[in-house]
Amino acid sequence: EQPVFVRVFQEMPSSFKPTLVAPEQATERDAQMQLWAGLLLGAGFTLLLGCVQMAWAYRDHTYVWYGGYLVSTLMAALCYTGIAQRELWPDAAKFASDAVVLFVMLAFAFNLMFAQAMFGGYQRRLGRRIGQGIALACLAYASVTLARAHYGGHVWVFNVLVVAVVGYLIVLALQAWWRGVRFGGYWLAIYVPYLLTIGAVLVDSTGIVAFPWLPSPTPVLAAVVEVTAMMLCINAYGRLRHAQEVHEQVAALHDPLTGFLREAEFRRRAAKMWQAAGDRQRDVAVVLVQVEPAEEPADTAMAVEALMAHSVRMVRVVAREQDLVGRLRGQQLALFLIDAAPGPVLQQRLSRLIALGLMRDAHNPAAQ
């Protein structure tokens, strides 16, 4: 037998479980760890590309925060497995010890901002400020790990930050879930087991409570599951957010009663189509329809609104898919007709409005 001495430089209190194994067993263990790390990197980079694409398409900073959280989580997993030290910074002795703490704190900070971007609208201002303060504290502690040679005496700050982050995220998701946000429950189903698993690993590694049944690649396995499940959540969130934005844009450009274009949007599109028709030498016609009740009602405004709603089907009969229809000044409708040269075809289309009772027949004084 030959004695073996191992010297470990570690700032954070840790509980090590050294085991002597044969070279074949060590090689097999490294291969398994690299396999799980490869799966995590593949899923992570796939989700990261999706986040970049959706952030660019929707101009939504929610995906930016999650992208930062994702990169930090991937780096923390690589540091935990030792792959980062072996491949990225093999000669950085102190940083190799600090890297896990650094990237865990960065992941916490980005996760807080990501959760606030998704659910912060259901919080009061004080709650948002508390979350931002915890994120800043995580960034400050991450900076301390790089600036100070010995920071192990402040490990209690690390423990407090872990508890604060986990508690704040769970409370924030519960608030959103109670208010009927569908992603609140989904977020809880993903993150609560994940955070509890990471918390168990931290407690076990610091020696506070021993969990001998935890396998060594537990953080990496938990991250693989979390990233894969979060892919589905981000995808669903993107579709819902995009549908909501499209609905808001349509509502902003169209009259809520008739569904026709608002006056400003109608004028903008009509001017553009007028210029294009002149360049292509196409005939266009602009028809203005004044919507008025046949008799003076007791409530003129209500009568006009009712007649406007009734006129939708009539106008759709005349307008084609390429034509524009807008509502102007409350009681006036405008039709921009493409390929409507003066002649019997145009007169036939306008006669439909007269036959449906929306336009007054100028040759019939008794017409409404």
# chains A, B, ... in the order shown; residues from 1 in each chain; ligands from 1
>>> closest_atom_pairs(of="range 133-157 of chain A", to="range 100-103 of chain A", cutoff="10 Å", atoms="only C-alpha atoms", output="Markdown table")
| residue | atom | partner | partner_atom | distance |
| --- | --- | --- | --- | --- |
| A:Cys138 | CA | A:Leu102 | CA | 9.1 |
| A:Leu139 | CA | A:Leu102 | CA | 8.6 |
| A:Tyr141 | CA | A:Leu102 | CA | 8.0 |
| A:Ala142 | CA | A:Leu102 | CA | 4.8 |
| A:Ser143 | CA | A:Leu102 | CA | 7.7 |
| A:Val144 | CA | A:Leu102 | CA | 9.0 |
| A:Thr145 | CA | A:Leu102 | CA | 6.7 |
| A:Leu146 | CA | A:Leu102 | CA | 8.0 |
>>> write_last_selection(atoms="N, CA and C atoms", output="PDB file, in the first residue's frame")
ATOM      1  N   CYS A 138     -26.899  39.286  -5.465  1.00  0.00           N
ATOM      2  CA  CYS A 138     -26.245  38.134  -6.094  1.00  0.00           C
ATOM      3  C   CYS A 138     -25.081  38.583  -6.968  1.00  0.00           C
ATOM      4  N   LEU A 139     -25.268  39.657  -7.712  1.00  0.00           N
ATOM      5  CA  LEU A 139     -24.177  40.172  -8.538  1.00  0.00           C
ATOM      6  C   LEU A 139     -23.020  40.678  -7.683  1.00  0.00           C
ATOM      7  N   TYR A 141     -22.179  39.590  -4.679  1.00  0.00           N
ATOM      8  CA  TYR A 141     -21.465  38.439  -4.114  1.00  0.00           C
ATOM      9  C   TYR A 141     -20.631  37.750  -5.184  1.00  0.00           C
ATOM     10  N   ALA A 142     -21.135  37.702  -6.421  1.00  0.00           N
ATOM     11  CA  ALA A 142     -20.338  37.136  -7.508  1.00  0.00           C
ATOM     12  C   ALA A 142     -19.074  37.950  -7.739  1.00  0.00           C
ATOM     13  N   SER A 143     -19.177  39.269  -7.593  1.00  0.00           N
ATOM     14  CA  SER A 143     -17.993  40.114  -7.752  1.00  0.00           C
ATOM     15  C   SER A 143     -17.001  39.893  -6.621  1.00  0.00           C
ATOM     16  N   VAL A 144     -17.506  39.661  -5.413  1.00  0.00           N
ATOM     17  CA  VAL A 144     -16.623  39.428  -4.266  1.00  0.00           C
ATOM     18  C   VAL A 144     -15.786  38.166  -4.469  1.00  0.00           C
ATOM     19  N   THR A 145     -16.379  37.145  -5.075  1.00  0.00           N
ATOM     20  CA  THR A 145     -15.631  35.910  -5.296  1.00  0.00           C
ATOM     21  C   THR A 145     -14.428  36.130  -6.198  1.00  0.00           C
ATOM     22  N   LEU A 146     -14.492  37.130  -7.072  1.00  0.00           N
ATOM     23  CA  LEU A 146     -13.368  37.416  -7.955  1.00  0.00           C
ATOM     24  C   LEU A 146     -12.404  38.424  -7.351  1.00  0.00           C
TER      25      LEU A 146
END
>>> residues_around(residues="Ala99 in chain A", least_positions_apart="5", cutoff="10 Å", atoms="only C-alpha atoms", output="ChimeraX atom specification")
/A:75-76,78-80,84-85,94,104-105,142,145-146
>>> write_last_selection(atoms="C-alpha atoms", output="PDB file, in the first residue's frame")
ATOM      1  CA  MET A  75     -21.400  27.211 -17.232  1.00  0.00           C
ATOM      2  CA  ALA A  76     -22.172  26.284 -13.629  1.00  0.00           C
ATOM      3  CA  LEU A  78     -19.584  22.559 -16.647  1.00  0.00           C
ATOM      4  CA  CYS A  79     -17.710  23.919 -13.646  1.00  0.00           C
ATOM      5  CA  TYR A  80     -19.343  21.396 -11.326  1.00  0.00           C
ATOM      6  CA  ALA A  84     -14.733  23.746 -17.669  1.00  0.00           C
ATOM      7  CA  GLN A  85     -11.516  23.652 -15.642  1.00  0.00           C
ATOM      8  CA  LYS A  94      -8.169  30.164  -7.879  1.00  0.00           C
ATOM      9  CA  VAL A 104     -24.534  30.081  -9.620  1.00  0.00           C
ATOM     10  CA  MET A 105     -24.928  33.675  -8.429  1.00  0.00           C
ATOM     11  CA  ALA A 142     -20.338  37.136  -7.508  1.00  0.00           C
ATOM     12  CA  THR A 145     -15.631  35.910  -5.296  1.00  0.00           C
ATOM     13  CA  LEU A 146     -13.368  37.416  -7.955  1.00  0.00           C
TER      14      LEU A 146
END
>>> select_by_dssp(residues="range 137-301 of chain A", states="helix (DSSP H, G or I)", output="ChimeraX atom specification")
/A:137-147,152-178,182-206,218-253,263-280,300-301
>>> residues_around(residues="Met273 in chain A", least_positions_apart="6", cutoff="10 Å", atoms="only C-alpha atoms", output="list in words")
Arg267, Asp279, Val284, Asp323, Leu324, Phe336 and Ile338 of chain A
>>> closest_residue(among="A:Arg59, A:Arg86, A:Arg327, A:His154", to="Ala264 in chain A", atoms="only C-alpha atoms")
A:Arg327
>>> residues_around(residues="Ile234 in chain A", least_positions_apart="4", cutoff="9 Å", atoms="only C-alpha atoms", output="PyMOL selection string")
chain A and resi 47+50-51+63+229-230+238-239
>>> write_last_selection(atoms="C-alpha atoms", output="PDB file, in the first residue's frame")
ATOM      1  CA  LEU A  47     -33.084  26.664 -26.431  1.00  0.00           C
ATOM      2  CA  GLY A  50     -34.713  29.839 -29.892  1.00  0.00           C
ATOM      3  CA  CYS A  51     -34.480  32.592 -27.271  1.00  0.00           C
ATOM      4  CA  TYR A  63     -35.996  35.997 -23.643  1.00  0.00           C
ATOM      5  CA  ALA A 229     -39.168  21.167 -19.846  1.00  0.00           C
ATOM      6  CA  MET A 230     -38.495  24.887 -20.118  1.00  0.00           C
ATOM      7  CA  GLY A 238     -43.859  32.794 -27.215  1.00  0.00           C
ATOM      8  CA  ARG A 239     -46.958  31.669 -29.104  1.00  0.00           C
TER       9      ARG A 239
END
>>> residues_around(residues="range 121-136 of chain A", least_positions_apart="4", cutoff="8 Å", atoms="only C-alpha atoms", output="ChimeraX atom specification")
/A:108-110,112-113,116-117,140,161,164-165,168,172,175-176,179
>>> select_by_dssp(residues="range 123-356 of chain A", states="strand (DSSP E)", output="PyMOL selection string")
chain A and resi 284-290+324-328+332-338
>>> write_last_selection(atoms="all heavy atoms", output="compact mmCIF listing (two decimals), in the first residue's frame")
# COMPACT_ATOMS: atom_id res chain seq x y z
N VAL A 284 -58.80 52.98 -59.90
CA VAL A 284 -59.30 52.86 -58.54
C VAL A 284 -60.49 53.80 -58.37
O VAL A 284 -60.67 54.75 -59.14
CB VAL A 284 -58.22 53.20 -57.50
CG1 VAL A 284 -57.06 52.22 -57.59
CG2 VAL A 284 -57.73 54.63 -57.66
N ALA A 285 -61.30 53.52 -57.36
CA ALA A 285 -62.45 54.37 -57.05
C ALA A 285 -62.56 54.50 -55.53
O ALA A 285 -62.34 53.53 -54.80
CB ALA A 285 -63.73 53.78 -57.63
N VAL A 286 -62.91 55.68 -55.08
CA VAL A 286 -63.12 55.94 -53.67
C VAL A 286 -64.59 56.29 -53.47
O VAL A 286 -65.10 57.24 -54.08
CB VAL A 286 -62.23 57.08 -53.16
CG1 VAL A 286 -62.50 57.33 -51.67
CG2 VAL A 286 -60.76 56.74 -53.37
N VAL A 287 -65.26 55.51 -52.65
CA VAL A 287 -66.69 55.69 -52.40
C VAL A 287 -66.89 56.06 -50.94
O VAL A 287 -66.39 55.36 -50.04
CB VAL A 287 -67.47 54.40 -52.74
CG1 VAL A 287 -68.96 54.61 -52.48
CG2 VAL A 287 -67.21 53.97 -54.17
N LEU A 288 -67.58 57.15 -50.68
CA LEU A 288 -67.90 57.59 -49.32
C LEU A 288 -69.39 57.35 -49.08
O LEU A 288 -70.23 57.75 -49.89
CB LEU A 288 -67.56 59.06 -49.14
CG LEU A 288 -66.08 59.43 -49.32
CD1 LEU A 288 -65.89 60.92 -49.12
CD2 LEU A 288 -65.20 58.66 -48.35
N VAL A 289 -69.69 56.72 -47.98
CA VAL A 289 -71.07 56.39 -47.62
C VAL A 289 -71.40 57.05 -46.29
O VAL A 289 -70.74 56.79 -45.27
CB VAL A 289 -71.28 54.86 -47.53
CG1 VAL A 289 -72.71 54.55 -47.16
CG2 VAL A 289 -70.89 54.20 -48.85
N GLN A 290 -72.39 57.93 -46.29
CA GLN A 290 -72.85 58.57 -45.06
C GLN A 290 -73.97 57.72 -44.46
O GLN A 290 -75.04 57.56 -45.07
CB GLN A 290 -73.36 59.98 -45.35
CG GLN A 290 -73.72 60.78 -44.12
CD GLN A 290 -72.49 61.23 -43.34
OE1 GLN A 290 -71.39 61.26 -43.86
NE2 GLN A 290 -72.69 61.55 -42.06
N LEU A 324 -60.13 48.19 -49.71
CA LEU A 324 -60.04 48.72 -48.35
C LEU A 324 -61.39 49.27 -47.92
O LEU A 324 -62.10 49.88 -48.72
CB LEU A 324 -58.99 49.83 -48.25
CG LEU A 324 -57.52 49.46 -48.42
CD1 LEU A 324 -56.66 50.71 -48.28
CD2 LEU A 324 -57.09 48.42 -47.41
N VAL A 325 -61.70 49.06 -46.65
CA VAL A 325 -62.91 49.63 -46.07
C VAL A 325 -62.54 50.26 -44.75
O VAL A 325 -61.88 49.63 -43.91
CB VAL A 325 -64.01 48.56 -45.86
CG1 VAL A 325 -65.27 49.21 -45.29
CG2 VAL A 325 -64.32 47.83 -47.16
N GLY A 326 -62.94 51.49 -44.53
CA GLY A 326 -62.62 52.19 -43.29
C GLY A 326 -63.81 52.96 -42.77
O GLY A 326 -64.75 53.27 -43.52
N ARG A 327 -63.75 53.28 -41.49
CA ARG A 327 -64.80 54.08 -40.87
C ARG A 327 -64.22 55.46 -40.59
O ARG A 327 -63.23 55.60 -39.88
CB ARG A 327 -65.29 53.44 -39.57
CG ARG A 327 -66.41 54.23 -38.90
CD ARG A 327 -66.89 53.54 -37.64
NE ARG A 327 -67.96 54.31 -37.01
CZ ARG A 327 -68.57 53.96 -35.88
NH1 ARG A 327 -68.23 52.83 -35.27
NH2 ARG A 327 -69.54 54.72 -35.38
N LEU A 328 -64.87 56.49 -41.13
CA LEU A 328 -64.39 57.85 -41.01
C LEU A 328 -65.39 58.69 -40.22
O LEU A 328 -66.60 58.60 -40.44
CB LEU A 328 -64.18 58.49 -42.40
CG LEU A 328 -63.42 57.65 -43.45
CD1 LEU A 328 -63.29 58.43 -44.74
CD2 LEU A 328 -62.06 57.25 -42.92
N GLN A 332 -69.41 57.89 -41.18
CA GLN A 332 -69.07 57.78 -42.60
C GLN A 332 -68.19 56.57 -42.83
O GLN A 332 -67.25 56.30 -42.07
CB GLN A 332 -68.34 59.05 -43.05
CG GLN A 332 -68.27 59.20 -44.56
CD GLN A 332 -67.67 60.54 -44.96
OE1 GLN A 332 -66.51 60.81 -44.67
NE2 GLN A 332 -68.47 61.38 -45.61
N LEU A 333 -68.52 55.84 -43.89
CA LEU A 333 -67.70 54.71 -44.34
C LEU A 333 -67.01 55.08 -45.64
O LEU A 333 -67.56 55.83 -46.46
CB LEU A 333 -68.56 53.47 -44.54
CG LEU A 333 -69.26 52.89 -43.30
CD1 LEU A 333 -70.10 51.68 -43.70
CD2 LEU A 333 -68.25 52.49 -42.25
N ALA A 334 -65.82 54.55 -45.83
CA ALA A 334 -65.06 54.80 -47.06
C ALA A 334 -64.64 53.47 -47.65
O ALA A 334 -64.17 52.58 -46.94
CB ALA A 334 -63.83 55.67 -46.76
N LEU A 335 -64.82 53.35 -48.97
CA LEU A 335 -64.42 52.16 -49.70
C LEU A 335 -63.39 52.55 -50.75
O LEU A 335 -63.63 53.49 -51.54
CB LEU A 335 -65.61 51.48 -50.39
CG LEU A 335 -66.63 50.75 -49.51
CD1 LEU A 335 -67.61 51.73 -48.87
CD2 LEU A 335 -67.39 49.72 -50.33
N PHE A 336 -62.26 51.89 -50.73
CA PHE A 336 -61.22 52.10 -51.73
C PHE A 336 -61.21 50.86 -52.61
O PHE A 336 -60.75 49.80 -52.21
CB PHE A 336 -59.85 52.30 -51.06
CG PHE A 336 -58.78 52.78 -51.98
CD1 PHE A 336 -58.51 54.13 -52.13
CD2 PHE A 336 -58.05 51.88 -52.73
CE1 PHE A 336 -57.52 54.58 -52.99
CE2 PHE A 336 -57.05 52.31 -53.59
CZ PHE A 336 -56.78 53.66 -53.72
N LEU A 337 -61.75 51.01 -53.83
CA LEU A 337 -61.95 49.87 -54.72
C LEU A 337 -60.84 49.81 -55.75
O LEU A 337 -60.56 50.80 -56.44
CB LEU A 337 -63.31 49.99 -55.42
CG LEU A 337 -64.52 50.23 -54.50
CD1 LEU A 337 -65.80 50.35 -55.32
CD2 LEU A 337 -64.65 49.11 -53.48
N ILE A 338 -60.22 48.66 -55.89
CA ILE A 338 -59.15 48.43 -56.85
C ILE A 338 -59.75 47.88 -58.14
O ILE A 338 -60.70 47.09 -58.12
CB ILE A 338 -58.11 47.44 -56.27
CG1 ILE A 338 -57.61 47.95 -54.91
CG2 ILE A 338 -56.95 47.26 -57.22
CD1 ILE A 338 -56.85 49.24 -54.99
>>> closest_residue(among="A:Leu257, A:Leu196, A:Ala223, A:Ala107", to="Glu305 in chain A", atoms="only C-alpha atoms")
A:Leu257
>>> closest_residue(among="A:Glu226, A:Arg349, A:Val171, A:Phe114", to="Ala189 in chain A", atoms="only C-alpha atoms")
A:Glu226
